[in-house]
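Asker: Structure incoming, see below.
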Amino acid sequence: MENKTKILIIGASGYLGARIYFDLQSKFSVVGTYCNKQLSKNLVHLNITNEDDVKKVVNDYSSKIIIHVANNASSKWCDVNPEAAMLLNQTATKYIVDVANQIGALLIYISSMAAINPQNLYGRTKLQSEEIVKTVKNGYIIIRPSLILGYSPNTTNDRPFNRLLKNLDEDVLAIYDTSWLFQPTYIKHISDVIQVCINRKICNQSIVVACSAMKSRYDTAKDILTPLGVKVMPTDAKESTEVFKDDLSELTELDLPKYTYTEMVSLIIDEIKKEKNLLFNSTLIKIQKYDNHKT
Ligand SMILES: NC(=O)c1ccc[n+]([C@@H]2O[C@H](COP(=O)([O-])OP(=O)(O)OC[C@H]3O[C@@H](n4cnc5c(N)ncnc54)[C@H](OP(=O)(O)O)[C@@H]3O)[C@@H](O)[C@H]2O)c1
């Protein structure tokens with residue numbers, strides 16, 4: 001039997017974690033965890049704010065590679081719930097690092113570009129977690145995405161891309177901000193970078209994973225939704241968050257995969273069309289079966 005590398009993905013039920021879980025499945029032996037929402041029956045329960053739970057689950061699966069995707073990504077939620085945010089996004093990182101050190105695992109931590117020059121509690125917890133992750137003895141990789149776009153098996157969590165899908169499904173008016181600019185991250189780009197880092201044994205690196213183009217939420221919504229028949233309207237929300245442009249030097253220096261903004265948009269439109277067709281086809285099969293049953 002093929003001896004695949006074992007990977008534990010903590011937070012495999014979330015928007016990003018579910019896509020990483022899906023993308024890595026064919027290459028590695030992957031076990032994923034959920035906390036409140038068991039997206040697939042194969043996922044194992046883990047609450048990372050409980051240190052004993054972390055010790056038990058991580059020891060049970062004793063993978064040599066752990067991917068930690070289980071933080072709350074909402075800066076608004078962090079501001080409203082500062083104690084819970086510190087516990088989940090920062091203190092729990094120490095629990096995971098401690099057990100990774102006990103079993104000699106490499107830790108891949110999904111951080112954020114918000115950790116570069118943090119401007120709110122979310123960014124500060126991500127930066128503090130990065131410092132904690134750097135104490136992993138067997139090596140670490142820190143991935144710093146910007147706002148992530150692209151299809152995930154989790155289409156329901158209230159994440160920016162899933163809001164675009166809502167515009168498609170529910171025929172709600174699509175109005176998006178023009179004031180805040182960012183370098184979008186394609187969701188599969190993260191899985192690609194993780195795979196290459198594992199295969200080439202790259203470690204102890206912090207890597208910004210994003211496109212080079214600066215775009216607004218309005219630009220990304222317009223470019224993805226217009227070809228799919230949804231009209232997108234601009235609004236100026238006058239967001240004051242400082243605009244930061246990264247030169248993506250780690251992707252270049254480590255010779256890691258890159259996507260242009262145009263490539264990302266085109267791949268995302270294809271992903272949406274494919275998923276919609278699949279949904280349409282499976283509904284059609286169900287209707288045909290039902291009809292056959294009746295006659
Ligand atoms: N989405 C973005 O645009 C973006 C951008 C930059 C960085 N990131 C980073 O990417 C990571 C994932 O973000 P996301 O957008 O995928 O968020 P998400 O959809 O809210 O997923 C969060 C994940 O964390 C799990 N989780 C929450 N509380 C937990 C707990 N107490 N114990 C164990 N697991 C828990 C959730 O499990 P259940 O759902 O089962 O409760 C879920 O699997 C975060 O670290 C975030 O900072 C995201």
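We label chains A, B, ... in the order they appear in the structure tokens, count residues from 1 in each chain, and number ligands from 1 in the order shown.
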Excluding range 165-171 of chain A and any residue of its chain fewer than 4 positions from it, enumerate the residues within 8 Å of it, using only C-alpha atoms, and give them as a list in words.
Answerer: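 Residues near the query, excluding close chain neighbours: Thr155, Phe161, Leu225, Leu228 and Val230 of chain A.
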Asker: Write a file of the selected residues as a short mmCIF file (atom, residue, chain, number, x, y, z; two decimals), in the first residue's frame, keeping N, CA and C atoms.
Answerer:
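Below is the file result-v4.cif, written as the result:
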data_model
loop_
_atom_site.label_atom_id
_atom_site.label_comp_id
_atom_site.auth_asym_id
_atom_site.auth_seq_id
_atom_site.Cartn_x
_atom_site.Cartn_y
_atom_site.Cartn_z
N THR A 155 -19.92 26.42 1.65
CA THR A 155 -20.47 27.59 0.94
C THR A 155 -21.35 28.44 1.86
N PHE A 161 -16.28 35.42 0.12
CA PHE A 161 -16.61 34.76 -1.14
C PHE A 161 -18.02 34.17 -1.10
N LEU A 225 -18.85 38.46 -10.73
CA LEU A 225 -20.31 38.28 -10.87
C LEU A 225 -20.86 38.75 -12.21
N LEU A 228 -21.38 36.28 -14.84
CA LEU A 228 -22.39 35.29 -14.44
C LEU A 228 -23.79 35.91 -14.40
N VAL A 230 -24.84 38.89 -12.92
CA VAL A 230 -25.29 39.69 -11.76
C VAL A 230 -24.74 41.11 -11.88
#
Asker: Mind checking DSSP for range 57-251 of chain A and telling me the strand (DSSP E or B) residues as number ranges by chain?
Answerer: A: 65-68, 106-110, 140-145, 148-149, 174-177, 181-182, 185-186, 205-209, 215-216, 232-235
Asker: Got time to write the residues from that selection, N, CA and C atoms, as a compact mmCIF listing (two decimals), in the first residue's frame?
Answerer:
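Written out: result21.txt:
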# COMPACT_ATOMS: atom_id res chain seq x y z
N ILE A 65 2.67 16.32 10.31
CA ILE A 65 2.38 17.66 9.80
C ILE A 65 0.99 18.07 10.30
N ILE A 66 0.91 19.24 10.93
CA ILE A 66 -0.37 19.78 11.40
C ILE A 66 -0.61 21.10 10.66
N ILE A 67 -1.83 21.26 10.11
CA ILE A 67 -2.19 22.55 9.50
C ILE A 67 -3.26 23.18 10.39
N HIS A 68 -3.00 24.37 10.90
CA HIS A 68 -3.91 25.04 11.84
C HIS A 68 -4.67 26.17 11.10
N LEU A 106 5.72 19.21 12.34
CA LEU A 106 5.88 20.50 11.65
C LEU A 106 4.51 21.19 11.73
N LEU A 107 4.47 22.49 11.98
CA LEU A 107 3.19 23.20 12.07
C LEU A 107 3.07 24.23 10.95
N ILE A 108 1.95 24.10 10.20
CA ILE A 108 1.64 25.10 9.16
C ILE A 108 0.50 25.95 9.72
N TYR A 109 0.75 27.23 9.91
CA TYR A 109 -0.25 28.11 10.54
C TYR A 109 -0.79 29.10 9.50
N ILE A 110 -2.13 29.12 9.37
CA ILE A 110 -2.74 30.10 8.46
C ILE A 110 -2.91 31.40 9.23
N TYR A 140 8.25 25.29 11.07
CA TYR A 140 6.94 25.92 10.87
C TYR A 140 6.87 26.55 9.48
N ILE A 141 5.64 26.71 9.02
CA ILE A 141 5.39 27.56 7.84
C ILE A 141 4.23 28.47 8.23
N ILE A 142 4.40 29.76 8.03
CA ILE A 142 3.32 30.70 8.28
C ILE A 142 2.83 31.22 6.93
N ILE A 143 1.52 31.01 6.68
CA ILE A 143 0.92 31.48 5.42
C ILE A 143 0.15 32.76 5.75
N ARG A 144 0.43 33.83 5.00
CA ARG A 144 -0.27 35.11 5.24
C ARG A 144 -1.12 35.46 4.02
N PRO A 145 -2.41 35.02 4.04
CA PRO A 145 -3.28 35.39 2.92
C PRO A 145 -3.87 36.79 3.14
N ILE A 148 -9.65 36.15 1.00
CA ILE A 148 -9.58 34.94 0.16
C ILE A 148 -10.84 34.79 -0.69
N LEU A 149 -10.63 34.44 -1.96
CA LEU A 149 -11.74 34.24 -2.90
C LEU A 149 -11.59 32.88 -3.57
N ALA A 174 -26.27 43.36 -5.39
CA ALA A 174 -24.85 43.27 -5.05
C ALA A 174 -24.26 44.67 -5.01
N ILE A 175 -24.01 45.18 -3.78
CA ILE A 175 -23.42 46.52 -3.63
C ILE A 175 -22.12 46.35 -2.85
N TYR A 176 -21.01 46.78 -3.42
CA TYR A 176 -19.72 46.56 -2.78
C TYR A 176 -18.88 47.83 -2.72
N ASP A 177 -18.05 47.88 -1.68
CA ASP A 177 -17.22 49.04 -1.35
C ASP A 177 -16.07 49.25 -2.35
N LEU A 181 -8.56 48.90 -0.50
CA LEU A 181 -7.86 48.13 -1.54
C LEU A 181 -7.02 47.03 -0.91
N PHE A 182 -6.98 45.87 -1.57
CA PHE A 182 -6.22 44.72 -1.05
C PHE A 182 -5.74 43.88 -2.23
N THR A 185 -6.45 36.94 -2.53
CA THR A 185 -5.80 35.62 -2.49
C THR A 185 -6.76 34.60 -3.08
N TYR A 186 -6.27 33.80 -4.03
CA TYR A 186 -7.07 32.72 -4.61
C TYR A 186 -6.97 31.52 -3.67
N GLN A 205 9.51 29.61 7.37
CA GLN A 205 9.28 30.74 6.45
C GLN A 205 7.91 31.34 6.74
N SER A 206 7.81 32.66 6.60
CA SER A 206 6.51 33.35 6.62
C SER A 206 6.27 33.82 5.19
N ILE A 207 5.12 33.39 4.61
CA ILE A 207 4.93 33.58 3.17
C ILE A 207 3.61 34.30 2.90
N VAL A 208 3.67 35.47 2.29
CA VAL A 208 2.45 36.14 1.84
C VAL A 208 1.98 35.44 0.58
N VAL A 209 0.71 34.99 0.59
CA VAL A 209 0.14 34.30 -0.58
C VAL A 209 -1.00 35.17 -1.10
N LYS A 215 -6.96 45.56 -5.53
CA LYS A 215 -8.36 45.62 -5.97
C LYS A 215 -9.26 45.99 -4.79
N SER A 216 -10.44 46.49 -5.10
CA SER A 216 -11.43 46.76 -4.05
C SER A 216 -12.42 45.59 -4.02
N VAL A 232 -23.43 44.53 -10.47
CA VAL A 232 -22.78 44.94 -9.22
C VAL A 232 -22.72 46.47 -9.16
N MET A 233 -23.13 47.03 -8.01
CA MET A 233 -23.15 48.49 -7.84
C MET A 233 -22.04 48.92 -6.87
N PRO A 234 -21.37 50.06 -7.14
CA PRO A 234 -20.33 50.55 -6.22
C PRO A 234 -20.90 51.40 -5.09
N THR A 235 -20.20 51.35 -3.93
CA THR A 235 -20.52 52.28 -2.84
C THR A 235 -19.20 52.64 -2.16
Asker: What are the nearest atom pairs, with distances in Å to one decimal, for all residues of chain A that come at most 6 Å from ligand 1, using only C-alpha atoms and all ligand atoms, set out by chain and rising residue number as a tab-separated table?
Answerer:
residue	atom	partner	partner_atom_place_in_ligand_line	distance
A:Gly11	CA	ligand 1	43 (O)	3.4
A:Ala12	CA	ligand 1	43 (O)	5.0
A:Ser13	CA	ligand 1	43 (O)	3.9
A:Gly14	CA	ligand 1	21 (O)	3.4
A:Tyr15	CA	ligand 1	16 (O)	3.7
A:Leu16	CA	ligand 1	16 (O)	3.7
A:Gly17	CA	ligand 1	16 (O)	5.6
A:Tyr34	CA	ligand 1	40 (O)	3.8
A:Cys35	CA	ligand 1	40 (O)	3.7
A:Asn36	CA	ligand 1	41 (O)	3.6
A:Lys37	CA	ligand 1	40 (O)	3.7
A:Gln38	CA	ligand 1	40 (O)	5.8
A:Leu46	CA	ligand 1	33 (C)	5.3
A:Asn47	CA	ligand 1	32 (N)	3.4
A:Ile48	CA	ligand 1	32 (N)	3.9
A:Thr49	CA	ligand 1	31 (N)	5.1
A:Val69	CA	ligand 1	11 (C)	4.5
A:Ala70	CA	ligand 1	24 (O)	3.2
A:Asn71	CA	ligand 1	45 (O)	4.0
A:Asn72	CA	ligand 1	20 (O)	5.3
A:Ala73	CA	ligand 1	47 (O)	4.1
A:Leu88	CA	ligand 1	31 (N)	6.0
A:Ile110	CA	ligand 1	45 (O)	5.1
A:Ser111	CA	ligand 1	47 (O)	5.5
A:Ser112	CA	ligand 1	7 (C)	4.2
A:Pro145	CA	ligand 1	6 (C)	4.7
A:Ser146	CA	ligand 1	6 (C)	4.8
A:Leu147	CA	ligand 1	3 (O)	3.7
A:Ile148	CA	ligand 1	3 (O)	3.8
A:Asn157	CA	ligand 1	19 (O)	5.3
A:Arg159	CA	ligand 1	15 (O)	5.7
Asker: Under the rule that only C-alpha atoms are counted, which of A:Asn42, A:Ser266, A:Thr135, A:Thr252 is the nearest residue to Asp98 in chain A?
Answerer: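 Looking only at the distances to Asp98 in chain A, the closest residue turns out to be A:Thr135.
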Asker: Can you tell me which residues surround Ser63 in chain A at a distance of at most 8 Å, considering only C-alpha atoms, apart from same-chain residues fewer than 2 positions away, and format the answer as a list in words?
Answerer: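 My list of contacting residues is Lys6, Ile7, Leu8, Val58, Tyr61, Ile65, Ile66 and Ala105 of chain A.
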Asker: So how many Å separate CA of Met86 in chain A and CA of Glu131 in chain A, to one decimal?
Answerer: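 These atoms are spaced 14.3 Å apart.
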Asker: Based on DSSP run over this structure's backbone, return all residues of range 102-289 of chain A in helix (DSSP H, G or I), as a PyMOL selection string.
Answerer: chain A and resi 102-103+113-115+121-133+160-170+187-199+217-228+249-253+261-289
Asker: Under the rule that only C-alpha atoms are counted, which of A:Asn154, A:Thr93, A:Gln102, A:Asn117 is the nearest residue to Ser40 in chain A?
Answerer: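 Closest to Ser40 in chain A, using only C-alpha atoms: A:Asn154.
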